[in-house]
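This is protein.cif. It holds mmCIF, C-alpha atoms.
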```cif
data_run
#
loop_
_atom_site.label_atom_id
_atom_site.label_comp_id
_atom_site.auth_asym_id
_atom_site.auth_seq_id
_atom_site.Cartn_x
_atom_site.Cartn_y
_atom_site.Cartn_z
CA MET A 1 -12.10 33.52 -37.40
CA TYR A 2 -10.94 31.63 -34.37
CA ILE A 3 -12.31 30.00 -31.23
CA GLY A 4 -12.07 32.20 -28.16
CA ARG A 5 -13.08 32.15 -24.52
CA VAL A 6 -14.29 35.24 -22.69
CA ALA A 7 -11.73 35.98 -19.98
CA GLY A 8 -12.89 39.36 -18.71
CA ALA A 9 -13.35 42.95 -19.78
CA VAL A 10 -11.48 46.22 -20.07
CA VAL A 11 -12.61 49.51 -18.56
CA ALA A 12 -11.01 52.49 -20.24
CA THR A 13 -11.33 56.24 -20.57
CA ILE A 14 -11.81 56.23 -24.29
CA LYS A 15 -10.79 59.26 -26.24
CA TYR A 16 -12.62 58.15 -29.31
CA ALA A 17 -16.36 58.44 -29.77
CA HIS A 18 -16.96 55.27 -31.77
CA LEU A 19 -15.91 53.03 -28.90
CA GLU A 20 -17.96 54.73 -26.16
CA GLY A 21 -20.69 52.56 -24.71
CA ARG A 22 -19.27 49.39 -26.25
CA THR A 23 -18.44 46.32 -24.15
CA LEU A 24 -14.77 45.55 -24.62
CA LEU A 25 -14.21 41.85 -23.90
CA LEU A 26 -10.89 40.21 -23.20
CA VAL A 27 -10.92 37.03 -25.28
CA ASP A 28 -8.36 34.24 -24.99
CA ARG A 29 -7.48 32.66 -28.30
CA LEU A 30 -7.92 28.88 -27.99
CA GLY A 31 -6.22 26.07 -29.90
CA LEU A 32 -8.22 23.28 -31.57
CA ASP A 33 -7.84 21.18 -28.43
CA GLY A 34 -9.47 23.90 -26.34
CA THR A 35 -6.34 25.02 -24.54
CA GLU A 36 -5.24 28.64 -24.33
CA THR A 37 -2.54 29.73 -26.78
CA GLY A 38 -1.39 32.73 -24.77
CA ALA A 39 -2.68 35.17 -27.41
CA TYR A 40 -5.68 37.39 -26.78
CA ASP A 41 -7.72 40.18 -28.33
CA ILE A 42 -9.78 43.03 -26.98
CA ALA A 43 -13.01 42.47 -28.89
CA VAL A 44 -16.32 44.29 -29.18
CA ASP A 45 -19.25 42.05 -28.24
CA VAL A 46 -22.30 41.71 -30.50
CA ALA A 47 -23.37 38.29 -29.20
CA GLN A 48 -24.11 39.08 -25.54
CA ALA A 49 -21.37 36.68 -24.55
CA GLY A 50 -20.76 36.03 -20.88
CA SER A 51 -17.76 35.15 -18.81
CA GLY A 52 -16.30 31.76 -19.74
CA ASP A 53 -18.34 31.37 -22.94
CA ARG A 54 -16.65 29.78 -25.93
CA VAL A 55 -17.13 32.28 -28.73
CA LEU A 56 -16.57 32.75 -32.46
CA VAL A 57 -14.24 35.71 -32.97
CA MET A 58 -13.94 37.56 -36.25
CA ASP A 59 -10.47 39.09 -36.48
CA GLU A 60 -10.41 41.26 -39.58
CA GLY A 61 -10.74 45.01 -39.49
CA ASN A 62 -12.83 45.84 -42.50
CA GLY A 63 -15.39 43.15 -41.76
CA ALA A 64 -15.51 44.22 -38.13
CA ARG A 65 -16.30 47.79 -38.98
CA GLN A 66 -19.03 46.70 -41.36
CA ILE A 67 -20.74 44.51 -38.76
CA LEU A 68 -20.87 47.39 -36.33
CA GLY A 69 -21.94 49.94 -38.91
CA LEU A 70 -18.89 52.03 -38.15
CA ASP A 71 -17.27 54.09 -40.82
CA PRO A 72 -14.88 55.43 -39.71
CA GLY A 73 -14.17 53.01 -36.88
CA CYS A 74 -11.30 51.63 -34.94
CA ILE A 75 -12.16 48.04 -34.25
CA ARG A 76 -10.39 44.90 -35.41
CA ALA A 77 -12.00 42.04 -33.45
CA VAL A 78 -15.67 41.23 -32.82
CA VAL A 79 -17.38 38.39 -30.94
CA VAL A 80 -19.97 37.28 -33.51
CA GLY A 81 -21.40 34.11 -31.98
CA ILE A 82 -21.55 31.64 -29.13
CA ILE A 83 -20.06 28.23 -29.99
CA ASP A 84 -22.32 25.29 -29.21
CA ASP A 85 -20.00 22.50 -30.36
CA VAL A 86 -16.57 21.92 -31.85
CA GLU A 87 -16.69 18.69 -33.89
CA LEU A 88 -13.19 17.33 -34.41
CA ASP A 89 -12.66 14.37 -36.77
CA ASP A 90 -10.52 11.54 -35.50
CA MET B 1 -6.90 46.10 -29.99
CA TYR B 2 -4.48 45.21 -27.26
CA ILE B 3 -3.28 46.44 -23.88
CA GLY B 4 -0.09 48.48 -24.08
CA ARG B 5 2.17 50.44 -21.77
CA VAL B 6 3.87 53.66 -22.86
CA ALA B 7 7.60 53.00 -22.81
CA GLY B 8 8.98 56.13 -24.43
CA ALA B 9 8.97 58.07 -27.68
CA VAL B 10 10.77 58.28 -31.00
CA VAL B 11 12.31 61.46 -32.40
CA ALA B 12 12.76 61.26 -36.16
CA THR B 13 13.43 63.42 -39.18
CA ILE B 14 10.29 62.54 -40.99
CA LYS B 15 10.23 62.70 -44.75
CA TYR B 16 6.50 62.48 -44.92
CA ALA B 17 4.19 65.38 -44.18
CA HIS B 18 1.36 63.45 -42.53
CA LEU B 19 3.52 62.42 -39.60
CA GLU B 20 5.02 65.83 -38.84
CA GLY B 21 3.98 67.26 -35.48
CA ARG B 22 2.62 63.93 -34.26
CA THR B 23 3.77 62.35 -31.01
CA LEU B 24 5.21 58.93 -31.83
CA LEU B 25 4.94 56.76 -28.72
CA LEU B 26 6.83 53.54 -28.11
CA VAL B 27 4.24 51.16 -26.71
CA ASP B 28 5.02 47.77 -25.17
CA ARG B 29 2.45 45.11 -25.96
CA LEU B 30 1.31 43.52 -22.69
CA GLY B 31 -0.09 40.07 -22.02
CA LEU B 32 -3.33 39.55 -20.10
CA ASP B 33 -1.32 39.19 -16.89
CA GLY B 34 0.24 42.61 -17.41
CA THR B 35 3.71 41.38 -18.33
CA GLU B 36 5.57 42.55 -21.42
CA THR B 37 5.46 40.24 -24.43
CA GLY B 38 8.57 41.62 -26.10
CA ALA B 39 6.55 43.05 -29.00
CA TYR B 40 6.05 46.80 -29.46
CA ASP B 41 4.57 49.36 -31.82
CA ILE B 42 5.35 52.94 -32.68
CA ALA B 43 1.91 54.49 -32.24
CA VAL B 44 0.43 57.92 -32.76
CA ASP B 45 -1.12 59.30 -29.58
CA VAL B 46 -4.66 60.71 -29.56
CA ALA B 47 -5.29 60.13 -25.81
CA GLN B 48 -2.60 62.37 -24.25
CA ALA B 49 -1.04 59.29 -22.72
CA GLY B 50 1.97 59.71 -20.49
CA SER B 51 4.95 57.60 -19.63
CA GLY B 52 4.00 54.33 -17.92
CA ASP B 53 0.27 54.63 -18.67
CA ARG B 54 -1.60 51.46 -19.54
CA VAL B 55 -3.29 52.23 -22.84
CA LEU B 56 -5.74 50.81 -25.36
CA VAL B 57 -3.97 50.42 -28.70
CA MET B 58 -5.80 50.08 -31.98
CA ASP B 59 -3.61 48.17 -34.41
CA GLU B 60 -5.34 48.21 -37.78
CA GLY B 61 -4.32 50.52 -40.58
CA ASN B 62 -7.58 51.56 -42.16
CA GLY B 63 -9.20 52.37 -38.83
CA ALA B 64 -6.11 54.28 -37.73
CA ARG B 65 -6.14 56.50 -40.75
CA GLN B 66 -9.82 57.23 -40.27
CA ILE B 67 -9.39 58.25 -36.62
CA LEU B 68 -6.70 60.72 -37.55
CA GLY B 69 -8.53 62.06 -40.58
CA LEU B 70 -5.65 61.09 -42.78
CA ASP B 71 -6.22 60.06 -46.34
CA PRO B 72 -3.65 59.31 -47.55
CA GLY B 73 -1.80 58.41 -44.37
CA CYS B 74 0.89 56.09 -43.21
CA ILE B 75 -0.10 55.04 -39.75
CA ARG B 76 -0.98 51.59 -38.44
CA ALA B 77 -1.21 51.94 -34.64
CA VAL B 78 -2.98 54.56 -32.51
CA VAL B 79 -3.30 54.98 -28.74
CA VAL B 80 -7.07 55.53 -28.41
CA GLY B 81 -7.62 55.45 -24.64
CA ILE B 82 -6.22 55.18 -21.14
CA ILE B 83 -7.10 51.89 -19.41
CA ASP B 84 -8.65 52.31 -15.95
CA ASP B 85 -9.11 48.65 -15.13
CA VAL B 86 -8.54 45.16 -16.53
CA GLU B 87 -11.17 42.84 -15.03
CA LEU B 88 -10.07 39.22 -15.33
CA ASP B 89 -12.50 36.45 -14.43
CA ASP B 90 -11.23 33.66 -12.25
CA MET C 1 -2.93 31.00 -49.60
CA TYR C 2 -1.79 27.95 -47.73
CA ILE C 3 -2.27 24.19 -47.69
CA GLY C 4 -4.81 23.02 -45.13
CA ARG C 5 -6.47 19.82 -44.01
CA VAL C 6 -10.10 19.69 -42.94
CA ALA C 7 -10.12 18.73 -39.26
CA GLY C 8 -13.77 19.20 -38.34
CA ALA C 9 -16.46 21.82 -38.06
CA VAL C 10 -17.87 24.38 -35.66
CA VAL C 11 -21.51 24.59 -34.64
CA ALA C 12 -22.42 28.02 -33.30
CA THR C 13 -25.40 30.18 -32.47
CA ILE C 14 -24.46 32.97 -34.80
CA LYS C 15 -25.58 36.47 -34.00
CA TYR C 16 -24.78 37.74 -37.42
CA ALA C 17 -26.93 37.10 -40.47
CA HIS C 18 -24.17 36.77 -43.06
CA LEU C 19 -22.77 33.62 -41.48
CA GLU C 20 -26.08 31.77 -41.07
CA GLY C 21 -26.36 28.62 -43.16
CA ARG C 22 -22.64 28.57 -43.93
CA THR C 23 -20.48 25.52 -43.21
CA LEU C 24 -17.70 26.61 -40.86
CA LEU C 25 -14.79 24.21 -41.29
CA LEU C 26 -11.90 23.79 -38.89
CA VAL C 27 -8.82 23.70 -41.09
CA ASP C 28 -5.34 22.74 -39.88
CA ARG C 29 -2.57 24.76 -41.49
CA LEU C 30 -0.01 22.35 -42.94
CA GLY C 31 3.70 22.85 -43.59
CA LEU C 32 5.27 22.07 -46.96
CA ASP C 33 6.09 18.59 -45.73
CA GLY C 34 2.45 17.91 -44.97
CA THR C 35 2.74 18.03 -41.20
CA GLU C 36 0.49 20.16 -39.01
CA THR C 37 1.91 23.49 -37.84
CA GLY C 38 -0.39 23.87 -34.85
CA ALA C 39 -2.16 26.86 -36.43
CA TYR C 40 -5.73 26.66 -37.68
CA ASP C 41 -8.52 28.76 -39.13
CA ILE C 42 -12.28 28.61 -39.07
CA ALA C 43 -13.02 28.84 -42.79
CA VAL C 44 -16.16 29.05 -44.88
CA ASP C 45 -16.34 26.23 -47.43
CA VAL C 46 -17.06 26.92 -51.11
CA ALA C 47 -15.42 23.73 -52.43
CA GLN C 48 -17.60 21.04 -50.82
CA ALA C 49 -14.53 19.80 -48.97
CA GLY C 50 -14.86 16.73 -46.76
CA SER C 51 -13.19 15.54 -43.63
CA GLY C 52 -9.48 14.87 -44.13
CA ASP C 53 -9.28 16.58 -47.55
CA ARG C 54 -6.17 18.59 -48.34
CA VAL C 55 -7.49 22.00 -49.36
CA LEU C 56 -6.38 25.35 -50.73
CA VAL C 57 -7.20 28.05 -48.18
CA MET C 58 -7.43 31.72 -49.05
CA ASP C 59 -6.64 33.78 -45.96
CA GLU C 60 -7.29 37.40 -46.81
CA GLY C 61 -10.39 39.23 -45.74
CA ASN C 62 -11.24 41.43 -48.68
CA GLY C 63 -10.81 38.63 -51.20
CA ALA C 64 -12.85 36.29 -49.01
CA ARG C 65 -15.76 38.66 -48.87
CA GLN C 66 -15.68 39.13 -52.63
CA ILE C 67 -15.75 35.38 -53.30
CA LEU C 68 -18.80 34.98 -51.14
CA GLY C 69 -20.56 38.05 -52.49
CA LEU C 70 -20.73 39.50 -49.03
CA ASP C 71 -20.59 43.20 -48.49
CA PRO C 72 -20.64 43.77 -45.58
CA GLY C 73 -19.23 40.46 -44.36
CA CYS C 74 -17.23 39.06 -41.55
CA ILE C 75 -15.15 36.33 -43.06
CA ARG C 76 -11.39 36.06 -43.37
CA ALA C 77 -10.70 32.50 -44.56
CA VAL C 78 -12.30 30.47 -47.35
CA VAL C 79 -11.65 26.94 -48.64
CA VAL C 80 -11.41 27.59 -52.40
CA GLY C 81 -10.26 24.25 -53.78
CA ILE C 82 -9.32 20.63 -53.21
CA ILE C 83 -5.59 19.94 -53.66
CA ASP C 84 -4.80 17.05 -56.03
CA ASP C 85 -1.01 17.18 -55.78
CA VAL C 86 1.80 19.06 -54.06
CA GLU C 87 4.88 18.90 -56.33
CA LEU C 88 8.02 19.62 -54.33
CA ASP C 89 11.33 20.06 -56.15
CA ASP C 90 14.29 18.19 -54.77
CA MET D 1 5.50 51.34 -37.62
CA TYR D 2 8.68 49.89 -36.23
CA ILE D 3 12.35 50.78 -35.80
CA GLY D 4 14.57 49.35 -38.52
CA ARG D 5 18.19 49.45 -39.57
CA VAL D 6 19.23 49.50 -43.21
CA ALA D 7 21.12 46.27 -43.87
CA GLY D 8 21.56 46.36 -47.63
CA ALA D 9 19.60 46.31 -50.85
CA VAL D 10 18.06 43.92 -53.35
CA VAL D 11 18.75 43.96 -57.09
CA ALA D 12 16.02 42.25 -59.07
CA THR D 13 14.70 41.86 -62.58
CA ILE D 14 11.30 43.21 -61.84
CA LYS D 15 8.39 42.09 -63.94
CA TYR D 16 6.14 44.80 -62.67
CA ALA D 17 6.29 48.40 -63.81
CA HIS D 18 5.42 50.09 -60.51
CA LEU D 19 8.59 48.85 -58.83
CA GLU D 20 11.04 49.79 -61.61
CA GLY D 21 13.52 52.49 -60.64
CA ARG D 22 12.73 52.16 -56.93
CA THR D 23 15.41 51.50 -54.34
CA LEU D 24 14.54 48.28 -52.53
CA LEU D 25 16.19 48.36 -49.10
CA LEU D 26 16.73 45.38 -46.85
CA VAL D 27 15.69 46.57 -43.40
CA ASP D 28 16.30 44.66 -40.17
CA ARG D 29 13.48 44.94 -37.68
CA LEU D 30 14.92 46.06 -34.34
CA GLY D 31 13.65 45.51 -30.81
CA LEU D 32 13.21 48.38 -28.35
CA ASP D 33 16.70 47.71 -27.02
CA GLY D 34 18.20 48.19 -30.48
CA THR D 35 19.02 44.54 -31.12
CA GLU D 36 17.97 42.69 -34.26
CA THR D 37 14.88 40.51 -33.99
CA GLY D 38 15.70 38.28 -36.96
CA ALA D 39 12.76 39.63 -38.97
CA TYR D 40 13.23 41.89 -42.00
CA ASP D 41 11.34 43.62 -44.78
CA ILE D 42 12.17 44.65 -48.30
CA ALA D 43 11.10 48.30 -48.20
CA VAL D 44 10.89 51.12 -50.71
CA ASP D 45 12.94 54.14 -49.61
CA VAL D 46 11.44 57.64 -49.58
CA ALA D 47 13.84 59.07 -46.96
CA GLN D 48 17.19 58.71 -48.76
CA ALA D 49 18.32 56.37 -46.01
CA GLY D 50 21.86 55.04 -46.11
CA SER D 51 23.54 51.87 -44.97
CA GLY D 52 23.38 51.43 -41.20
CA ASP D 53 20.82 54.22 -40.63
CA ARG D 54 18.17 53.67 -37.99
CA VAL D 55 14.89 54.28 -39.79
CA LEU D 56 11.15 54.55 -39.22
CA VAL D 57 9.41 51.85 -41.24
CA MET D 58 5.74 51.96 -42.11
CA ASP D 59 4.47 48.43 -42.61
CA GLU D 60 0.91 48.65 -43.88
CA GLY D 61 0.00 48.14 -47.51
CA ASN D 62 -2.72 50.68 -48.13
CA GLY D 63 -0.79 53.51 -46.49
CA ALA D 64 2.36 52.52 -48.37
CA ARG D 65 0.66 52.71 -51.70
CA GLN D 66 -0.80 56.12 -50.86
CA ILE D 67 2.59 57.57 -49.86
CA LEU D 68 4.08 56.51 -53.14
CA GLY D 69 1.13 57.63 -55.21
CA LEU D 70 0.68 54.13 -56.52
CA ASP D 71 -2.71 52.82 -57.42
CA PRO D 72 -2.48 50.02 -58.29
CA GLY D 73 0.74 49.19 -56.47
CA CYS D 74 2.46 46.26 -54.93
CA ILE D 75 4.29 47.63 -51.94
CA ARG D 76 3.79 46.90 -48.25
CA ALA D 77 6.75 48.54 -46.47
CA VAL D 78 8.21 52.03 -46.84
CA VAL D 79 11.11 53.78 -45.07
CA VAL D 80 9.48 57.09 -44.12
CA GLY D 81 12.09 58.75 -41.89
CA ILE D 82 15.50 58.70 -40.28
CA ILE D 83 15.39 58.19 -36.50
CA ASP D 84 17.37 60.78 -34.52
CA ASP D 85 16.67 59.43 -31.04
CA VAL D 86 14.83 56.64 -29.24
CA GLU D 87 13.87 57.93 -25.78
CA LEU D 88 13.15 55.02 -23.43
CA ASP D 89 11.67 55.70 -20.01
CA ASP D 90 13.24 53.94 -17.08
CA MET E 1 7.92 42.02 -49.72
CA TYR E 2 10.32 39.25 -48.86
CA ILE E 3 12.94 37.05 -50.50
CA GLY E 4 11.63 33.65 -51.52
CA ARG E 5 12.83 30.56 -53.32
CA VAL E 6 10.58 28.55 -55.62
CA ALA E 7 10.17 25.12 -54.03
CA GLY E 8 7.51 23.56 -56.22
CA ALA E 9 3.90 23.94 -57.28
CA VAL E 10 0.39 22.99 -56.24
CA VAL E 11 -2.13 21.22 -58.46
CA ALA E 12 -5.67 21.70 -57.30
CA THR E 13 -9.24 21.33 -58.43
CA ILE E 14 -10.14 24.94 -58.01
CA LYS E 15 -13.72 25.84 -57.32
CA TYR E 16 -13.18 29.47 -58.05
CA ALA E 17 -12.90 30.92 -61.55
CA HIS E 18 -10.31 33.62 -60.85
CA LEU E 19 -7.63 31.09 -60.00
CA GLU E 20 -8.14 28.77 -62.98
CA GLY E 21 -5.21 28.64 -65.39
CA ARG E 22 -2.87 30.34 -62.90
CA THR E 23 0.44 28.79 -61.88
CA LEU E 24 0.39 28.33 -58.10
CA LEU E 25 3.99 28.27 -56.87
CA LEU E 26 5.15 27.00 -53.51
CA VAL E 27 7.62 29.63 -52.29
CA ASP E 28 9.89 29.19 -49.27
CA ARG E 29 10.35 32.38 -47.27
CA LEU E 30 14.09 33.00 -46.84
CA GLY E 31 15.96 34.87 -44.14
CA LEU E 32 18.50 37.59 -44.96
CA ASP E 33 21.26 34.98 -44.84
CA GLY E 34 19.52 32.92 -47.51
CA THR E 35 18.38 30.11 -45.25
CA GLU E 36 14.80 28.86 -45.12
CA THR E 37 12.64 30.15 -42.27
CA GLY E 38 10.13 27.30 -42.37
CA ALA E 39 7.36 29.63 -43.57
CA TYR E 40 5.95 29.45 -47.09
CA ASP E 41 3.25 30.91 -49.31
CA ILE E 42 1.27 29.64 -52.25
CA ALA E 43 1.87 32.46 -54.72
CA VAL E 44 0.63 33.30 -58.20
CA ASP E 45 3.53 33.73 -60.64
CA VAL E 46 3.77 36.79 -62.89
CA ALA E 47 7.55 36.61 -63.40
CA GLN E 48 7.90 33.23 -65.15
CA ALA E 49 9.97 32.01 -62.20
CA GLY E 50 11.44 28.52 -62.35
CA SER E 51 12.29 25.92 -59.79
CA GLY E 52 15.02 27.07 -57.39
CA ASP E 53 14.87 30.74 -58.47
CA ARG E 54 15.31 33.38 -55.79
CA VAL E 55 12.27 35.62 -56.18
CA LEU E 56 10.74 38.85 -54.91
CA VAL E 57 7.40 38.04 -53.28
CA MET E 58 4.72 40.63 -52.67
CA ASP E 59 2.58 39.54 -49.73
CA GLU E 60 -0.30 41.97 -49.44
CA GLY E 61 -3.77 41.18 -50.68
CA ASN E 62 -4.98 44.42 -52.15
CA GLY E 63 -1.79 45.01 -54.11
CA ALA E 64 -1.83 41.42 -55.34
CA ARG E 65 -5.30 41.73 -56.73
CA GLN E 66 -4.42 44.97 -58.48
CA ILE E 67 -1.35 43.48 -60.17
CA LEU E 68 -3.41 40.64 -61.55
CA GLY E 69 -6.30 42.84 -62.60
CA LEU E 70 -8.63 40.82 -60.41
CA ASP E 71 -11.60 42.39 -58.79
CA PRO E 72 -12.98 40.39 -57.13
CA GLY E 73 -10.04 38.10 -56.50
CA CYS E 74 -8.75 35.72 -53.93
CA ILE E 75 -5.01 36.07 -54.01
CA ARG E 76 -2.65 37.31 -51.32
CA ALA E 77 0.87 36.54 -52.61
CA VAL E 78 2.44 37.16 -56.01
CA VAL E 79 5.94 36.48 -57.37
CA VAL E 80 6.75 39.86 -58.95
CA GLY E 81 10.42 39.50 -59.91
CA ILE E 82 13.55 37.36 -60.11
CA ILE E 83 16.27 38.46 -57.68
CA ASP E 84 19.69 38.98 -59.29
CA ASP E 85 21.61 39.98 -56.18
CA VAL E 86 21.17 40.50 -52.43
CA GLU E 87 23.72 43.11 -51.31
CA LEU E 88 24.28 42.88 -47.56
CA ASP E 89 26.34 45.54 -45.80
CA ASP E 90 28.99 44.36 -43.37
#
```

So that I can check it, write out the structure of this file as structure tokens.
Amino acid sequence: MYIGRVAGAVVATIKYAHLEGRTLLLVDRLGLDGTETGAYDIAVDVAQAGSGDRVLVMDEGNGARQILGLDPGCIRAVVVGIIDDVELDD
Amino acid sequence: MYIGRVAGAVVATIKYAHLEGRTLLLVDRLGLDGTETGAYDIAVDVAQAGSGDRVLVMDEGNGARQILGLDPGCIRAVVVGIIDDVELDD
Amino acid sequence: MYIGRVAGAVVATIKYAHLEGRTLLLVDRLGLDGTETGAYDIAVDVAQAGSGDRVLVMDEGNGARQILGLDPGCIRAVVVGIIDDVELDD
Amino acid sequence: MYIGRVAGAVVATIKYAHLEGRTLLLVDRLGLDGTETGAYDIAVDVAQAGSGDRVLVMDEGNGARQILGLDPGCIRAVVVGIIDDVELDD
Amino acid sequence: MYIGRVAGAVVATIKYAHLEGRTLLLVDRLGLDGTETGAYDIAVDVAQAGSGDRVLVMDEGNGARQILGLDPGCIRAVVVGIIDDVELDD
């Protein structure tokens, strides 16, 4: 899992039934210091995350499919929570 | 999943039955700002994508096999949709 | 597996039952010389690791789920041990 | 999958039965422009590829095992075809 | 799979039964020219590899578990052979 920030969304003409009706968020991958790393994922949202939210992103395909009850599925990344605090030790 | 752009195709003498008759697209991996990252995939097309199209690419092996009904299969990336819009928050 | 160092923790409003009540550690990925690489993971702790501990991190989703007895699950990285010594040959 | 070029082979005293008798090719990972990226794989050959051939490399463990009829197996990359042409759009 | 060189070992207080009694090798990932890439893995040894040996490393979780007869397991990398020769074409 990694810390992400919701950067927007993708609108697509999906040719695959399991993705229809899903919100596809663009999520920036953040470093520990909160800065953007330049990497991103297109993630399915199960946490009702909004624009700018810091989120917990699960980036593993089998787990992602299981969360969404998809089998077969075609999803690798899922927003599973809203981050309240990142506690860094000194 | 990531945002890709169809850059061409590969013609190959395949020694593996499950890939015969499939369109093998060359897909550039794009950054959030729409520029090329230098990375690419050879992806099977299920969205009738054409040259230059911005596409939604699923890059996870188990999901890919399931979409194509292949078991066993040998495919990791699939073009699953045509992207209509990328909405980036400010 | 890789060598990590516990750098802190994440507090999140989780929208997924399997992660509730779990300690989510921020773990820096270390190089062989003990320096930080800049990469990190959010890992579930099963070794009662504390702040600053050098730890053994398992970074593979299926194994992680099995350790935690989760099926379905949504976890990719787990702290599985405390490192006592790193013996480097000359 | 990616475009590779056969760069050589590895000779090893294998301590694992499923790899005995297999040709282990060294395959350079090529960019879309045909140049080497610096990355490589040790891949099992099922396409009778020769030195210098441009090849189609499947780089996903579960699919690789299925192609080779190995279960259990220990193979992640397989050369599945010889590339005749790479058609890049302008 | 990739070419590695045994660089040392890790001693850890493991909190997970499947790793107890296993030799955990530190393995440098080598490039095709035999130089270190800076990447490494902590790998379980099944080839009785010694310090400085060039080894064949399997880096895929499901295969690794199967080799070791672990289910469940928590291992991603395994040293499966000693490399006798790397034959590079000109």

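Comparing the minimum interatomic distances between E:Val46 and each of E:Leu32, E:Met58, E:Val86, E:Ala9, counting all atoms listed in the file, we find that E:Met58 sits nearest.
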
**OP:** Rounded to one decimal place, report the atom CA of C:Val57-atom CA of C:Ile3 distance in Å.
**Re:**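 Computing the Euclidean distance for atom CA of C:Val57 and atom CA of C:Ile3 yields 6.3 Å.
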
Original post:
Mind pulling up the distance from atom CA of E:Arg29 to atom CA of C:Val55?
Top reply: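 Computing it gives 20.7 Å between the two atoms.
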
Original post:
For A:Ile82, which of A:Leu24, A:Ala39, A:Leu19, A:Leu56 is the closest residue, counting all atoms listed in the file?
Top reply: A:Leu56

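Closest approach to C:Thr23 among C:Val79, C:Thr35, C:Gly4, C:Asp84: C:Val79, based on all atoms listed in the file.
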
Subject >> atom CA of A:Asp59 to atom CA of A:Val78, straight-line distance in Å >> reply: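 Interatomic distance here is 6.7 Å.
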
**OP:** Return the single residue from D:Ile14, D:Ala43, D:Leu30, D:Leu25 that is closest to chain B, with distances computed using all atoms listed in the file.
**Re:**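 With all atoms listed in the file as the atom set, the closest residue is D:Leu30.
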
**OP:** Run through the PyMOL selection byres ((chain D) within 6 of (chain B)) on the given coordinates and return the selected residues as an MDAnalysis selection string.
**Re:** chainID D and resid 1:2 47 63 66 80:89
